[in-house]
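Here's the structure, in C-alpha cells; my notes come after.
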Amino acid sequence: MTVMQTPPDTARTNPADICSAPPRRHPRADGQDRYTISEVVAFTGLTAHTLRWYERIGLMPHVDRSHTGQRRYSNRDLDWLDFVTKLRLTGMPVADMVRYAALVREGDSTYPERQELLESTRRDVLTRIAELHDTLAVLDRKISFYARER
C-alpha cells in the first residue's frame with residue numbers, strides 16, 4: 001500500500017487524499033503505472049537520493065518492489081510526490097511533512113489534525129507572501145529611483 005492509499009474500510013467513502021489542484025497527466029495509465037526510480041527522477045526532478053531518503057524518513061514508506069527488489073512507483077506515488085514537493089515549497093518542516101504522511105496512513109479520523117497542520121502552514125505562507133510583497137515594494141522604489149536619476 002502506498003502512503004496515499006486509504007485503508008480498505010474507508011476506500012469506499014474517500015478514494016484519495018491528494019492536494020486539491022487537478023492532478024498532472026500521468027505518463028502511463030493506471031494499471032500500467034510501474035515506474036522505476038530513474039523514471040520518477042525524470043518526471044519529478046527529485047534525485048534518487050531524495051526519493052530513497054523520503055522512504056527512510058516515512059514520507060514514502062510503502063513503495064512497491066519488483067521481484068528483483070527494484071522500486072516500482074505508481075501514479076498515486078507520483079501524485080503524492082507532487083503534493084510533498086508543494087509542501088516543501090511552502091517551507092513546511094520535514095518533521096511536519098512526515099507527521100502529515102503518518103496521519104494520512106492512520107485514516108479519516110485524523111482529518112481535523114491534518115486540517116490544522118495545513119492551516120498552520122497556510123498562515124505561514126501568507127506571512128511569507130506579505131514579507132515578499134514588502135520586499136518587492138522596496139526593490140521597486142529603488143529601481144524607480146535609479147531610473148529617474150539616469
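We label chains A, B, ... in the order they appear in the C-alpha cells, count residues from 1 in each chain, and number ligands from 1 in the order shown.
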Name all residues at most 12 Å from A:Thr44 (count only C-alpha atoms; drop same-chain ones fewer than 2 positions away) and give them as an mmCIF file with N, CA, C and O atoms, in the first residue's frame.
data_model
loop_
_atom_site.group_PDB
_atom_site.id
_atom_site.type_symbol
_atom_site.label_atom_id
_atom_site.label_comp_id
_atom_site.auth_asym_id
_atom_site.auth_seq_id
_atom_site.Cartn_x
_atom_site.Cartn_y
_atom_site.Cartn_z
ATOM 1 N N ARG A 24 -1.658 16.233 -12.294
ATOM 2 C CA ARG A 24 -0.960 16.305 -13.574
ATOM 3 C C ARG A 24 -1.290 15.054 -14.370
ATOM 4 O O ARG A 24 -1.639 14.020 -13.817
ATOM 5 N N HIS A 26 -0.620 11.773 -16.027
ATOM 6 C CA HIS A 26 0.375 10.738 -15.747
ATOM 7 C C HIS A 26 0.976 10.215 -17.045
ATOM 8 O O HIS A 26 0.286 10.149 -18.064
ATOM 9 N N PRO A 27 2.239 9.841 -16.996
ATOM 10 C CA PRO A 27 2.886 9.297 -18.196
ATOM 11 C C PRO A 27 2.248 7.989 -18.671
ATOM 12 O O PRO A 27 2.287 7.688 -19.853
ATOM 13 N N TYR A 35 6.701 2.577 -12.421
ATOM 14 C CA TYR A 35 7.840 3.395 -12.813
ATOM 15 C C TYR A 35 9.074 3.020 -12.011
ATOM 16 O O TYR A 35 8.997 2.800 -10.808
ATOM 17 N N ILE A 37 12.845 4.019 -10.416
ATOM 18 C CA ILE A 37 13.310 5.210 -9.713
ATOM 19 C C ILE A 37 13.886 6.222 -10.701
ATOM 20 O O ILE A 37 13.682 7.427 -10.551
ATOM 21 N N SER A 38 14.567 5.753 -11.753
ATOM 22 C CA SER A 38 15.126 6.701 -12.733
ATOM 23 C C SER A 38 14.017 7.395 -13.516
ATOM 24 O O SER A 38 14.149 8.579 -13.862
ATOM 25 N N GLU A 39 12.914 6.715 -13.781
ATOM 26 C CA GLU A 39 11.791 7.367 -14.449
ATOM 27 C C GLU A 39 11.156 8.416 -13.540
ATOM 28 O O GLU A 39 10.812 9.512 -13.987
ATOM 29 N N VAL A 40 11.026 8.106 -12.257
ATOM 30 C CA VAL A 40 10.454 9.059 -11.313
ATOM 31 C C VAL A 40 11.365 10.273 -11.175
ATOM 32 O O VAL A 40 10.886 11.410 -11.095
ATOM 33 N N VAL A 41 12.653 10.051 -11.180
ATOM 34 C CA VAL A 41 13.610 11.162 -11.152
ATOM 35 C C VAL A 41 13.362 12.078 -12.354
ATOM 36 O O VAL A 41 13.290 13.299 -12.218
ATOM 37 N N ALA A 42 13.188 11.489 -13.534
ATOM 38 C CA ALA A 42 12.961 12.276 -14.742
ATOM 39 C C ALA A 42 11.623 13.017 -14.688
ATOM 40 O O ALA A 42 11.531 14.167 -15.114
ATOM 41 N N LEU A 46 13.144 15.289 -8.750
ATOM 42 C CA LEU A 46 13.781 14.907 -7.488
ATOM 43 C C LEU A 46 14.941 13.973 -7.796
ATOM 44 O O LEU A 46 14.959 13.316 -8.837
ATOM 45 N N THR A 47 15.892 13.889 -6.894
ATOM 46 C CA THR A 47 17.003 12.971 -7.104
ATOM 47 C C THR A 47 16.652 11.594 -6.543
ATOM 48 O O THR A 47 15.761 11.459 -5.688
ATOM 49 N N ALA A 48 17.367 10.586 -7.011
ATOM 50 C CA ALA A 48 17.173 9.239 -6.481
ATOM 51 C C ALA A 48 17.496 9.217 -4.985
ATOM 52 O O ALA A 48 16.818 8.541 -4.203
ATOM 53 N N THR A 50 17.028 11.649 -2.879
ATOM 54 C CA THR A 50 15.876 12.232 -2.177
ATOM 55 C C THR A 50 14.749 11.219 -2.074
ATOM 56 O O THR A 50 14.129 11.088 -1.014
ATOM 57 N N LEU A 51 14.474 10.501 -3.157
ATOM 58 C CA LEU A 51 13.401 9.501 -3.130
ATOM 59 C C LEU A 51 13.687 8.418 -2.097
ATOM 60 O O LEU A 51 12.794 8.019 -1.340
ATOM 61 N N TYR A 73 7.208 2.599 -8.648
ATOM 62 C CA TYR A 73 6.308 3.656 -8.229
ATOM 63 C C TYR A 73 5.042 3.631 -9.082
ATOM 64 O O TYR A 73 5.069 3.224 -10.243
ATOM 65 N N ASN A 75 1.160 5.770 -10.200
ATOM 66 C CA ASN A 75 0.633 7.116 -10.435
ATOM 67 C C ASN A 75 0.264 7.787 -9.117
ATOM 68 O O ASN A 75 0.467 8.989 -8.948
ATOM 69 N N ASP A 77 1.759 7.334 -6.311
ATOM 70 C CA ASP A 77 3.031 7.773 -5.734
ATOM 71 C C ASP A 77 3.476 9.095 -6.370
ATOM 72 O O ASP A 77 3.976 9.985 -5.679
ATOM 73 N N LEU A 78 3.300 9.214 -7.698
ATOM 74 C CA LEU A 78 3.659 10.467 -8.375
ATOM 75 C C LEU A 78 2.805 11.617 -7.858
ATOM 76 O O LEU A 78 3.308 12.726 -7.645
ATOM 77 N N ASP A 79 1.496 11.365 -7.646
ATOM 78 C CA ASP A 79 0.619 12.404 -7.091
ATOM 79 C C ASP A 79 1.097 12.815 -5.699
ATOM 80 O O ASP A 79 1.131 14.000 -5.368
ATOM 81 N N TRP A 80 1.441 11.829 -4.887
ATOM 82 C CA TRP A 80 1.917 12.110 -3.532
ATOM 83 C C TRP A 80 3.207 12.925 -3.580
ATOM 84 O O TRP A 80 3.373 13.897 -2.850
ATOM 85 N N LEU A 81 4.136 12.538 -4.455
ATOM 86 C CA LEU A 81 5.399 13.269 -4.572
ATOM 87 C C LEU A 81 5.165 14.695 -5.040
ATOM 88 O O LEU A 81 5.848 15.626 -4.588
ATOM 89 N N ASP A 82 4.195 14.905 -5.919
ATOM 90 C CA ASP A 82 3.850 16.256 -6.352
ATOM 91 C C ASP A 82 3.358 17.075 -5.159
ATOM 92 O O ASP A 82 3.754 18.222 -4.980
ATOM 93 N N PHE A 83 2.512 16.477 -4.337
ATOM 94 C CA PHE A 83 1.998 17.153 -3.151
ATOM 95 C C PHE A 83 3.124 17.451 -2.158
ATOM 96 O O PHE A 83 3.231 18.563 -1.637
ATOM 97 N N VAL A 84 3.983 16.479 -1.911
ATOM 98 C CA VAL A 84 5.109 16.672 -0.983
ATOM 99 C C VAL A 84 6.019 17.784 -1.485
ATOM 100 O O VAL A 84 6.489 18.611 -0.697
ATOM 101 N N THR A 85 6.234 17.841 -2.788
ATOM 102 C CA THR A 85 7.062 18.901 -3.366
ATOM 103 C C THR A 85 6.436 20.267 -3.105
ATOM 104 O O THR A 85 7.134 21.236 -2.779
ATOM 105 N N LYS A 86 5.126 20.347 -3.220
ATOM 106 C CA LYS A 86 4.439 21.609 -2.924
ATOM 107 C C LYS A 86 4.553 21.956 -1.437
ATOM 108 O O LYS A 86 4.749 23.118 -1.079
#
Review point. How would you write, as an MDAnalysis selection string, the set of residues in chain A that DSSP gives as strand (DSSP E or B)?
Key: chainID A and resid 35 64:65 71:73
Expected file contents, prior selection, C-alpha atoms, as a JSON list (two decimals), in the first residue's frame:
[["chain", "number", "residue", "atom", "x", "y", "z"],
["A", 35, "TYR", "CA", 7.84, 3.39, -12.81],
["A", 64, "ASP", "CA", 6.26, -1.42, -4.15],
["A", 65, "ARG", "CA", 9.18, -3.57, -5.25],
["A", 71, "ARG", "CA", 11.42, 0.12, -6.58],
["A", 72, "ARG", "CA", 8.22, 0.42, -8.62],
["A", 73, "TYR", "CA", 6.31, 3.66, -8.23]]
Backbone-only DSSP, alpha helix (DSSP H) members of stretch 22-105 of chain A, as an NGL selection string = :A and (37-44 or 48-57 or 75-90 or 94-105)
Each residue of stretch 47-107 of chain A lying at most 8 Å from stretch 115-130 of chain A should get a row with its shortest atom-to-atom pair and the distance in Å to one decimal, counting only C-alpha atoms; could you produce that, ordered by chain and increasing number, as a Markdown table?
| residue | atom | partner | partner_atom | distance |
| --- | --- | --- | --- | --- |
| A:Thr90 | CA | A:Val125 | CA | 6.0 |
| A:Gly91 | CA | A:Val125 | CA | 7.8 |
| A:Met92 | CA | A:Thr121 | CA | 6.3 |
| A:Asp96 | CA | A:Leu117 | CA | 7.7 |
| A:Tyr100 | CA | A:Leu117 | CA | 7.5 |
Of A:Arg88, A:His133, A:Arg25, A:His62, the one sitting nearest A:Arg105 when using only C-alpha atoms is A:His62
